[in-house]
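So this block is structure.txt, compact mmCIF, C-alpha atoms:
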# COMPACT_ATOMS: atom_id res chain seq x y z
CA MET A 790 84.99 98.32 113.36
CA GLN A 791 86.01 101.28 111.19
CA PRO A 792 89.63 102.35 111.79
CA ASN A 793 90.36 105.99 112.56
CA PHE A 794 92.75 107.18 109.86
CA GLU A 795 93.21 110.48 111.70
CA ASN A 796 94.97 108.80 114.63
CA THR A 797 98.55 109.96 114.10
CA ALA A 798 99.77 108.57 117.44
CA ILE A 799 99.16 105.05 116.10
CA ALA A 800 100.26 105.92 112.55
CA PHE A 801 103.69 107.24 113.52
CA GLU A 802 104.32 105.31 116.75
CA LEU A 803 107.41 103.63 115.30
CA LYS A 804 109.00 106.91 114.18
CA SER A 805 111.39 108.68 116.53
CA ASP A 806 111.21 112.48 116.68
CA SER A 807 114.19 112.76 114.33
CA GLN A 808 112.63 110.29 111.84
CA LEU A 809 109.40 112.28 111.96
CA GLU A 810 111.31 115.48 111.17
CA SER A 811 113.18 113.76 108.32
CA ALA A 812 109.91 112.50 106.82
CA TYR A 813 108.37 115.96 107.05
CA PHE A 814 111.41 117.54 105.36
CA LEU A 815 111.39 114.89 102.60
CA PHE A 816 107.71 115.37 101.73
CA LYS A 817 108.19 119.17 101.78
CA MET A 818 110.84 118.66 99.08
CA ILE A 819 108.67 116.22 97.10
CA ALA A 820 105.80 118.73 97.20
CA SER A 821 107.84 120.98 94.92
CA GLU A 822 107.56 119.72 91.33
CA PRO A 823 110.50 121.78 90.00
CA LEU A 824 112.66 120.51 92.86
CA VAL A 825 111.75 116.89 92.06
CA ARG A 826 112.62 117.43 88.37
CA ILE A 827 115.95 119.07 89.19
CA GLY A 828 116.77 116.49 91.88
CA THR A 829 115.97 113.62 89.50
CA ALA A 830 118.20 115.06 86.77
CA VAL A 831 121.08 115.75 89.17
CA THR A 832 120.79 112.26 90.73
CA ASN A 833 120.75 110.53 87.35
CA PHE A 834 123.78 112.53 86.25
CA ALA A 835 125.67 111.79 89.48
CA ILE A 836 125.00 108.04 89.19
CA LYS A 837 126.01 107.90 85.51
CA ALA A 838 129.16 109.88 86.29
CA HIS A 839 129.93 107.48 89.18
CA LEU A 840 129.96 110.32 91.71
CA PRO A 841 129.82 109.23 95.39
CA VAL A 842 126.13 109.99 96.06
CA ASP A 843 125.08 106.68 97.66
CA GLY A 844 125.47 108.05 101.19
CA LEU A 845 123.34 111.13 100.51
CA ILE A 846 120.62 109.14 98.75
CA ARG A 847 120.61 106.49 101.47
CA ALA A 848 120.31 109.08 104.24
CA THR A 849 117.28 110.75 102.65
CA VAL A 850 114.94 109.24 100.08
CA PHE A 851 116.28 105.65 100.20
CA ASP A 852 115.88 105.12 103.94
CA HIS A 853 112.36 106.55 103.83
CA PHE A 854 111.01 104.45 100.93
CA CYS A 855 113.23 101.32 101.14
CA GLY A 856 113.93 98.72 103.80
CA GLY A 857 117.62 98.26 103.01
CA VAL A 858 120.16 97.06 100.46
CA ASN A 859 119.55 93.34 101.11
CA GLU A 860 117.11 91.02 102.90
CA GLU A 861 119.02 90.97 106.20
CA ASP A 862 119.14 94.76 106.15
CA CYS A 863 115.30 94.81 106.05
CA LEU A 864 114.69 92.37 108.92
CA PRO A 865 114.86 94.87 111.85
CA ILE A 866 112.17 97.11 110.34
CA ILE A 867 110.08 94.08 109.31
CA ASP A 868 110.20 92.72 112.89
CA LYS A 869 109.46 96.16 114.32
CA MET A 870 106.39 96.64 112.10
CA TYR A 871 105.15 93.13 112.87
CA GLU A 872 105.08 93.99 116.59
CA LYS A 873 102.32 96.44 115.61
CA GLY A 874 100.55 93.81 113.49
CA VAL A 875 101.83 95.17 110.17
CA CYS A 876 103.13 92.49 107.78
CA SER A 877 105.70 93.04 105.02
CA ILE A 878 106.33 92.06 101.42
CA LEU A 879 110.01 92.06 100.46
CA ASP A 880 110.22 93.57 96.98
CA TYR A 881 113.57 93.38 95.18
CA SER A 882 113.22 96.65 93.27
CA ALA A 883 116.12 96.77 90.83
CA GLU A 884 114.60 97.75 87.47
CA GLY A 885 115.51 98.16 83.81
CA LYS A 886 117.59 95.02 83.42
CA GLU A 887 118.15 93.58 79.94
CA VAL A 888 120.27 90.44 80.01
CA ASP A 889 119.78 86.84 81.07
CA ASN A 890 122.17 86.75 84.01
CA GLN A 891 120.30 89.72 85.52
CA PHE A 892 116.94 87.96 85.00
CA ASP A 893 118.34 84.79 86.56
CA PHE A 894 119.56 86.85 89.51
CA ALA A 895 116.04 88.31 89.98
CA LEU A 896 114.64 84.76 89.84
CA GLN A 897 117.12 83.61 92.47
CA LYS A 898 116.15 86.55 94.71
CA THR A 899 112.46 85.65 94.39
CA LEU A 900 113.16 81.99 95.20
CA GLU A 901 115.13 83.07 98.28
CA ILE A 902 112.31 85.37 99.38
CA LEU A 903 109.85 82.46 99.14
CA ASP A 904 112.00 80.68 101.75
CA PHE A 905 111.89 83.85 103.89
CA VAL A 906 108.10 83.92 103.61
CA LYS A 907 107.82 80.29 104.66
CA GLU A 908 109.95 80.95 107.73
CA LYS A 909 108.47 84.27 108.87
CA ASP A 910 104.82 84.98 109.71
CA ALA A 911 105.68 88.67 109.29
CA ILE A 912 106.09 88.13 105.52
CA PRO A 913 102.87 86.57 104.12
CA PHE A 914 103.55 87.10 100.38
CA ALA A 915 106.40 87.02 97.86
CA VAL A 916 106.36 89.20 94.73
CA PHE A 917 108.06 89.61 91.36
CA LYS A 918 107.84 91.92 88.38
CA PRO A 919 107.35 90.38 84.90
CA THR A 920 110.14 92.46 83.38
CA GLY A 921 112.39 91.28 86.20
CA PHE A 922 112.24 87.88 84.46
CA GLY A 923 112.57 89.00 80.83
CA ARG A 924 112.92 91.89 78.40
CA MET A 925 110.03 94.32 77.96
CA LYS A 926 110.35 94.14 74.16
CA LEU A 927 109.77 90.40 74.23
CA PHE A 928 106.64 90.77 76.36
CA GLU A 929 105.49 93.47 73.94
CA LYS A 930 105.99 91.28 70.84
CA MET A 931 104.13 88.40 72.47
CA SER A 932 101.32 90.75 73.57
CA ILE A 933 100.61 92.02 70.05
CA GLY A 934 101.09 88.64 68.38
CA LEU A 935 104.28 89.32 66.40
CA ASP A 936 106.37 86.35 65.28
CA LEU A 937 109.50 85.75 67.31
CA THR A 938 112.90 84.94 65.87
CA SER A 939 114.39 81.59 66.92
CA GLU A 940 116.64 83.45 69.38
CA GLU A 941 113.61 85.31 70.83
CA THR A 942 111.66 82.06 71.07
CA GLU A 943 114.45 80.59 73.19
CA ALA A 944 114.49 83.73 75.34
CA TRP A 945 110.71 83.52 75.79
CA ASP A 946 111.02 79.86 76.81
CA ARG A 947 113.48 80.95 79.49
CA ILE A 948 110.94 83.52 80.78
CA VAL A 949 108.24 80.84 80.95
CA ASN A 950 110.69 78.58 82.77
CA ARG A 951 111.42 81.32 85.35
CA TYR A 952 107.68 81.78 85.95
CA GLU A 953 107.29 78.01 86.27
CA LYS A 954 110.14 77.67 88.77
CA VAL A 955 108.92 80.42 91.07
CA CYS A 956 105.21 79.49 90.92
CA LYS A 957 105.95 75.79 91.52
CA LYS A 958 108.07 76.63 94.55
CA ALA A 959 105.35 78.96 95.89
CA HIS A 960 102.82 76.14 95.48
CA ASP A 961 105.10 73.54 97.09
CA LEU A 962 105.77 75.84 100.07
CA ASP A 963 102.10 76.93 100.25
CA VAL A 964 103.12 80.60 99.97
CA ALA A 965 101.10 83.29 98.17
CA LEU A 966 102.91 84.94 95.24
CA LEU A 967 102.04 88.35 93.79
CA ILE A 968 102.87 89.18 90.16
CA ASP A 969 103.06 92.92 89.52
CA ALA A 970 101.39 94.65 86.57
CA GLU A 971 103.27 96.88 84.14
CA GLU A 972 102.65 98.93 80.98
CA SER A 973 99.55 98.01 78.93
CA TRP A 974 101.49 97.25 75.74
CA MET A 975 103.25 94.31 77.38
CA GLN A 976 100.56 93.26 79.85
CA GLN A 977 98.66 90.78 77.67
CA ALA A 978 101.60 88.39 77.58
CA ALA A 979 102.11 88.79 81.34
CA ASP A 980 98.37 88.14 81.91
CA ASP A 981 98.53 85.00 79.78
CA LEU A 982 101.51 83.68 81.74
CA ALA A 983 99.81 84.45 85.07
CA LEU A 984 96.63 82.71 83.88
CA GLY A 985 98.61 79.61 82.93
CA MET A 986 100.20 79.53 86.38
CA MET A 987 96.82 79.97 88.13
CA ARG A 988 95.34 77.12 86.10
CA LYS A 989 98.19 74.91 87.25
CA TYR A 990 98.83 75.98 90.83
CA ASN A 991 95.56 77.53 92.12
CA LYS A 992 93.40 74.39 92.05
CA GLU A 993 92.89 74.19 95.82
CA LYS A 994 93.53 77.81 96.85
CA ALA A 995 94.83 81.12 95.53
CA ILE A 996 98.63 80.82 95.44
CA VAL A 997 99.37 82.91 92.33
CA PHE A 998 97.99 86.48 92.31
CA ASN A 999 97.84 88.66 89.20
CA THR A 1000 97.66 92.46 89.49
CA PHE A 1001 94.91 94.54 87.85
CA GLN A 1002 95.48 98.26 87.31
CA MET A 1003 92.02 99.79 87.56
CA TYR A 1004 92.94 103.06 85.85
CA ARG A 1005 92.54 100.88 82.76
CA TRP A 1006 88.89 100.94 81.65
CA ASP A 1007 89.07 97.34 80.35
CA ARG A 1008 90.23 95.61 83.53
CA LEU A 1009 86.85 94.97 85.16
CA ASP A 1010 85.70 93.10 82.06
CA TYR A 1011 88.92 91.08 82.16
CA ILE A 1012 88.33 90.19 85.84
CA LYS A 1013 84.80 89.00 84.96
CA LYS A 1014 86.13 86.85 82.09
CA LEU A 1015 88.72 85.38 84.45
CA HIS A 1016 85.94 84.54 86.91
CA THR A 1017 84.01 82.68 84.20
CA LEU A 1018 87.15 80.75 83.20
CA ALA A 1019 88.01 79.89 86.79
CA ASN A 1020 84.52 78.57 87.48
CA ALA A 1021 84.49 76.53 84.26
CA GLU A 1022 87.97 75.05 84.75
CA GLY A 1023 88.07 74.71 88.52
CA PHE A 1024 90.80 77.04 89.78
CA LYS A 1025 90.97 79.99 92.20
CA VAL A 1026 92.07 83.52 91.32
CA GLY A 1027 94.41 85.67 93.39
CA ALA A 1028 93.46 89.27 92.55
CA LYS A 1029 95.59 92.23 93.55
CA VAL A 1030 93.82 95.46 92.57
CA VAL A 1031 95.57 98.81 92.35
CA ARG A 1032 94.82 102.08 90.63
CA GLY A 1033 97.96 102.10 88.47
CA ALA A 1034 101.44 103.58 88.20
CA TYR A 1035 102.12 104.57 84.58
CA MET A 1036 99.30 106.99 83.70
CA GLU A 1037 101.33 109.76 82.06
CA LYS A 1038 103.45 107.30 80.09
CA GLU A 1039 100.33 105.43 78.92
CA ASN A 1040 98.52 108.57 77.76
CA GLU A 1041 101.59 109.99 76.03
CA ARG A 1042 102.23 106.76 74.11
CA ALA A 1043 98.58 106.45 73.04
CA GLN A 1044 98.62 110.01 71.72
CA GLU A 1045 101.98 109.57 70.00
CA LYS A 1046 100.95 106.32 68.28
CA GLY A 1047 97.36 107.36 67.56
CA TYR A 1048 95.34 104.75 69.46
CA LYS A 1049 92.67 105.08 72.13
CA THR A 1050 94.24 105.44 75.55
CA PRO A 1051 93.66 102.42 77.79
CA ILE A 1052 93.40 104.79 80.76
CA CYS A 1053 90.12 106.07 82.25
CA SER A 1054 89.35 109.64 81.23
CA ASN A 1055 89.59 111.08 84.77
CA LYS A 1056 90.32 110.20 88.39
CA GLN A 1057 86.63 109.86 89.26
CA GLU A 1058 86.23 107.12 86.64
CA THR A 1059 89.32 105.36 87.95
CA ASP A 1060 87.98 105.51 91.51
CA GLN A 1061 84.62 104.12 90.37
CA ASN A 1062 86.36 101.36 88.41
CA PHE A 1063 88.50 100.43 91.42
CA ASP A 1064 85.52 100.29 93.77
CA ALA A 1065 83.45 98.32 91.24
CA ALA A 1066 86.25 95.76 90.96
CA ILE A 1067 86.49 95.41 94.76
CA THR A 1068 82.70 94.97 95.01
CA TYR A 1069 82.70 92.32 92.27
CA LEU A 1070 85.61 90.39 93.81
CA MET A 1071 84.06 90.49 97.28
CA ASP A 1072 80.76 89.21 95.87
CA HIS A 1073 82.62 86.13 94.61
CA LEU A 1074 84.97 85.22 97.45
CA ASP A 1075 84.32 81.57 96.67
CA CYS A 1076 86.58 82.12 93.63
CA PHE A 1077 88.77 85.12 94.51
CA ASN A 1078 91.25 86.12 97.19
CA VAL A 1079 91.49 89.92 97.35
CA PHE A 1080 94.54 92.12 97.86
CA ALA A 1081 93.55 95.81 97.79
CA GLY A 1082 96.69 97.85 97.09
CA THR A 1083 95.46 101.36 97.82
CA HIS A 1084 96.48 104.62 99.48
CA ASN A 1085 92.91 105.91 99.19
CA GLU A 1086 91.08 106.20 102.52
CA GLN A 1087 87.63 106.13 100.91
CA SER A 1088 88.38 102.89 99.08
CA CYS A 1089 89.55 101.33 102.36
CA HIS A 1090 86.37 102.42 104.13
CA LYS A 1091 84.25 101.03 101.28
CA LEU A 1092 85.99 97.66 101.41
CA ILE A 1093 85.54 97.58 105.18
CA ASP A 1094 81.82 98.38 104.72
CA VAL A 1095 81.49 95.45 102.31
CA MET A 1096 83.26 93.14 104.78
CA GLU A 1097 80.96 94.27 107.62
CA ASN A 1098 77.82 93.89 105.46
CA LYS A 1099 78.86 90.34 104.59
CA GLY A 1100 79.56 89.51 108.22
CA LEU A 1101 83.26 88.84 107.59
CA GLU A 1102 85.81 89.06 110.39
CA PRO A 1103 88.28 91.96 109.97
CA ASN A 1104 91.17 89.48 109.69
CA ASP A 1105 89.46 87.18 107.14
CA PRO A 1106 92.47 85.50 105.44
CA ARG A 1107 90.97 86.05 101.96
CA VAL A 1108 91.14 89.87 102.22
CA TRP A 1109 94.29 92.01 102.53
CA PHE A 1110 95.07 95.72 102.38
CA GLY A 1111 98.47 96.89 101.11
CA GLN A 1112 100.43 100.15 101.05
CA LEU A 1113 103.97 101.10 100.11
CA PHE A 1114 106.65 101.46 102.76
CA GLY A 1115 107.18 105.14 103.56
CA MET A 1116 103.66 106.17 102.56
CA SER A 1117 100.17 106.16 104.12
CA ASP A 1118 101.22 104.95 107.54
CA HIS A 1119 97.96 106.45 108.85
CA ILE A 1120 96.10 103.81 106.80
CA THR A 1121 98.31 100.76 107.42
CA TYR A 1122 98.84 101.08 111.16
CA ASN A 1123 95.27 102.10 111.95
CA LEU A 1124 93.98 99.16 109.89
CA THR A 1125 96.04 96.68 111.91
CA ALA A 1126 95.04 98.42 115.16
CA ALA A 1127 91.46 97.54 114.17
CA ASN A 1128 92.55 93.92 113.42
CA TYR A 1129 92.45 94.09 109.59
CA ASN A 1130 95.12 92.33 107.51
CA ALA A 1131 97.50 95.03 106.30
CA VAL A 1132 100.91 94.79 104.70
CA LYS A 1133 103.68 97.12 103.62
CA TYR A 1134 105.52 96.64 100.32
CA VAL A 1135 109.17 96.95 101.42
CA PRO A 1136 111.43 97.63 98.42
CA TYR A 1137 115.10 96.80 98.78
CA GLY A 1138 118.25 96.45 96.69
CA PRO A 1139 121.53 98.25 95.96
CA VAL A 1140 121.04 102.02 96.11
CA LYS A 1141 121.94 102.67 92.46
CA ASP A 1142 119.77 99.80 91.21
CA VAL A 1143 116.76 100.99 93.19
CA MET A 1144 117.02 104.61 91.97
CA PRO A 1145 114.49 104.21 89.08
CA TYR A 1146 111.96 102.99 91.65
CA LEU A 1147 112.71 105.90 94.01
CA ILE A 1148 112.46 108.45 91.21
CA ARG A 1149 109.07 107.02 90.21
CA ARG A 1150 107.88 107.29 93.83
CA ALA A 1151 108.94 110.95 94.03
CA GLU A 1152 107.32 111.78 90.68
CA GLU A 1153 104.16 109.88 91.59
CA ASN A 1154 103.83 111.75 94.88
CA THR A 1155 104.26 115.04 93.04
CA SER A 1156 101.67 114.24 90.36
CA VAL A 1157 98.97 112.56 92.48
CA ALA A 1158 96.64 115.31 93.64
CA GLY A 1159 96.52 115.55 97.43
CA GLN A 1160 98.88 112.64 98.23
CA THR A 1161 101.86 114.69 99.37
CA SER A 1162 99.77 117.38 101.07
CA ARG A 1163 97.93 114.65 103.00
CA GLU A 1164 101.24 113.13 104.16
CA LEU A 1165 102.50 116.55 105.20
CA ALA A 1166 99.31 117.44 107.09
CA LEU A 1167 99.42 114.17 109.07
CA LEU A 1168 103.14 114.53 109.85
CA GLN A 1169 102.56 118.12 110.97
CA LYS A 1170 99.63 117.00 113.16
CA GLU A 1171 101.84 114.41 114.87
CA ARG A 1172 104.66 116.95 115.33
CA LYS A 1173 102.23 119.28 117.12
CA ARG A 1174 100.78 116.45 119.20
CA ARG A 1175 104.23 115.44 120.43
CA LYS A 1176 105.19 119.03 121.24
CA LEU A 1177 102.05 119.40 123.34
CA GLU A 1178 102.92 116.22 125.21
CA ASP A 1179 106.48 117.35 126.03

Structure translated into structure tokens:
Amino acid sequence: MQPNFENTAIAFELKSDSQLESAYFLFKMIASEPLVRIGTAVTNFAIKAHLPVDGLIRATVFDHFCGGVNEEDCLPIIDKMYEKGVCSILDYSAEGKEVDNQFDFALQKTLEILDFVKEKDAIPFAVFKPTGFGRMKLFEKMSIGLDLTSEETEAWDRIVNRYEKVCKKAHDLDVALLIDAEESWMQQAADDLALGMMRKYNKEKAIVFNTFQMYRWDRLDYIKKLHTLANAEGFKVGAKVVRGAYMEKENERAQEKGYKTPICSNKQETDQNFDAAITYLMDHLDCFNVFAGTHNEQSCHKLIDVMENKGLEPNDPRVWFGQLFGMSDHITYNLTAANYNAVKYVPYGPVKDVMPYLIRRAEENTSVAGQTSRELALLQKERKRRKLED
């Protein structure tokens, strides 16, 4: 059954009238690019100057895009969403860390979340970010094959050990674990680590999932190579596919350093690449488990078409849809209303630590054609529907 993504009564059922108004106001602000730029600059300045802005940030952008400052803070919204069939992924979203005690803290958080996942049906996956476990520069050096100093070698060994600890625990608890993708210049090392973990822990089923950003023109070939390896060596592949989050940064760096951009030349090519990856993965469900991280309605409909054509149940445990908390509720809630597996990424963490994530969300919504206007149109539709019902 195809879900109706126009059904705003289902999409916004959990939002009170005041929350609906707040969301509408927030997306109106995000729709203005100059306002986002100014707001970002002012927020960064206020945080660096230690001005008391936590309350303001928490009352606006933080509460819309984040579940809370800690795991317990997130539980009420997680339980509330699960009543509607929507699962959650707790995502500790502090970014830009550089020292070992911070990486060890991120590891500890991920290990704790694995226990949460084991205990709560509402949380079917855990997740971590490669640069949450080690410095970007180290991933970059490993990716391009540069020799490491003895100190860097020790640091890299600690990264591998963090991966090993979290993947082993996920395997022992029988909990699926998503590894996020990042910038292309560090991704090779992250891919190699993820592959090593899949070889070790995905022998019976897909426990470890790697993420493939399909705005990169080389990712479908990589997925196919992974499939060949998995068949030859006898392991399963967890495949999370997304369009990608660093397009402007990728293109700017490629131009600055004089190499061919790894990014598809336009959105149409990215869309085609994403859909081709989904089709390939779904044709080989004997090897792959599929997590489609997308805010694109067409891509969701296409995946549903493939599932129907293959005679799969909507809630087949090998296929999941995912969207970010605070965005595309019309997709997530209408998917679960039609019995598909859908999950919200729920970022959390101290307000100041999560600010880089929130700024990226605001900038992404401003730059992605149609995303913010679509959110606004749906919120406005629900506002009118509720007024007519009063």

| query | For the point (121.9, 97.0, 97.9) in file coordinates, what residues are within 12 Å, counting all atoms listed in the file? Give the answer as a PyMOL selection string? | reply | chain A and resi 843+847+851-852+855-863+881-883+1136-1144

| How many Å separate atom CA of Arg1174 of chain A from atom CA of Phe801 of chain A? | 11.2 Å

| d(atom CA of Arg1042 of chain A, atom CA of Ser932 of chain A) in Å |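 We find that atom CA of Arg1042 of chain A and atom CA of Ser932 of chain A lie 16.0 Å from each other.
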
| query | Smallest atom-to-atom distance to Asn1123 of chain A: which of A:Gln1169, A:Phe1110, A:Val1095, A:Glu971, using all atoms listed in the file? | reply |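 Checking each of A:Gln1169, A:Phe1110, A:Val1095, A:Glu971 against Asn1123 of chain A, counting all atoms listed in the file, the winner is A:Phe1110.
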
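When atom CA of Gln977 of chain A is paired with atom CA of Met931 of chain A, their separation reads 7.9 Å.
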
| field | Minimum-distance residue to Leu900 of chain A, chosen among A:His853, A:Lys1049, A:Lys957, A:Lys817 (using all atoms listed in the file) | value |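 Closest to Leu900 of chain A of all the choices is A:Lys957.
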
| Shortest interatomic distance to Ile1093 of chain A - which of A:Asp980, A:Met790, A:Gln891, A:Phe922, counting only C-alpha atoms |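 Of all the options, A:Met790 lies closest to Ile1093 of chain A.
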
| request: Just the residues within 12 Å of Ala1166 of chain A, please, counting all atoms listed in the file, with nothing from its chain fewer than 4 positions along; format it as an MDAnalysis selection string. | output: chainID A and resid 795 797 812:813 816:817 820 1117 1119 1159:1162 1170:1173

Quick one: axis-aligned box around all listed atoms of segment 890-900 of chain A, 5 Å on every side, centre and edge lengths in Å to one decimal, written as AutoDock Vina command-line options.
--center_x 117.3 --center_y 85.9 --center_z 89.6 --size_x 19.7 --size_y 17.7 --size_z 21.2

| request: Select, from A:Thr1068, A:Val1026, A:Tyr1004, A:Asn1098, the residue with the minimum atom-to-atom distance to Ile1052 of chain A, counting all atoms listed in the file. | output: A:Tyr1004

| task | Go through A:Arg1005, A:Lys1029, A:His960, A:His1016 one by one, measure the shortest atom-to-atom distance of each to Glu993 of chain A using only C-alpha atoms, and give the residue with the smallest value. | result | A:His960

| request: Select, from A:Val949, A:Ala1066, A:Ala978, A:Leu896, the residue with the minimum atom-to-atom distance to Ser1088 of chain A, counting all atoms listed in the file. | output: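 Looking only at the distances to Ser1088 of chain A, the closest residue turns out to be A:Ala1066.
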
| said: I need every residue sitting at most 12 Å from the point (97.9, 97.1, 79.9) (coordinates as in the file, only C-alpha atoms considered), written as number ranges by chain. | reply: A: 928-929, 932-933, 969-980, 1000-1008, 1011, 1033-1036, 1038-1040, 1043, 1050-1052

Could you please take those selected residues and save C-alpha atoms as a short mmCIF file (atom, residue, chain, number, x, y, z; two decimals), keeping the file's coordinate frame?
data_model
loop_
_atom_site.label_atom_id
_atom_site.label_comp_id
_atom_site.auth_asym_id
_atom_site.auth_seq_id
_atom_site.Cartn_x
_atom_site.Cartn_y
_atom_site.Cartn_z
CA PHE A 928 106.64 90.77 76.36
CA GLU A 929 105.49 93.47 73.94
CA SER A 932 101.32 90.75 73.57
CA ILE A 933 100.61 92.02 70.05
CA ASP A 969 103.06 92.92 89.52
CA ALA A 970 101.39 94.65 86.57
CA GLU A 971 103.27 96.88 84.14
CA GLU A 972 102.65 98.93 80.98
CA SER A 973 99.55 98.01 78.93
CA TRP A 974 101.49 97.25 75.74
CA MET A 975 103.25 94.31 77.38
CA GLN A 976 100.56 93.26 79.85
CA GLN A 977 98.66 90.78 77.67
CA ALA A 978 101.60 88.39 77.58
CA ALA A 979 102.11 88.79 81.34
CA ASP A 980 98.37 88.14 81.91
CA THR A 1000 97.66 92.46 89.49
CA PHE A 1001 94.91 94.54 87.85
CA GLN A 1002 95.48 98.26 87.31
CA MET A 1003 92.02 99.79 87.56
CA TYR A 1004 92.94 103.06 85.85
CA ARG A 1005 92.54 100.88 82.76
CA TRP A 1006 88.89 100.94 81.65
CA ASP A 1007 89.07 97.34 80.35
CA ARG A 1008 90.23 95.61 83.53
CA TYR A 1011 88.92 91.08 82.16
CA GLY A 1033 97.96 102.10 88.47
CA ALA A 1034 101.44 103.58 88.20
CA TYR A 1035 102.12 104.57 84.58
CA MET A 1036 99.30 106.99 83.70
CA LYS A 1038 103.45 107.30 80.09
CA GLU A 1039 100.33 105.43 78.92
CA ASN A 1040 98.52 108.57 77.76
CA ALA A 1043 98.58 106.45 73.04
CA THR A 1050 94.24 105.44 75.55
CA PRO A 1051 93.66 102.42 77.79
CA ILE A 1052 93.40 104.79 80.76
#
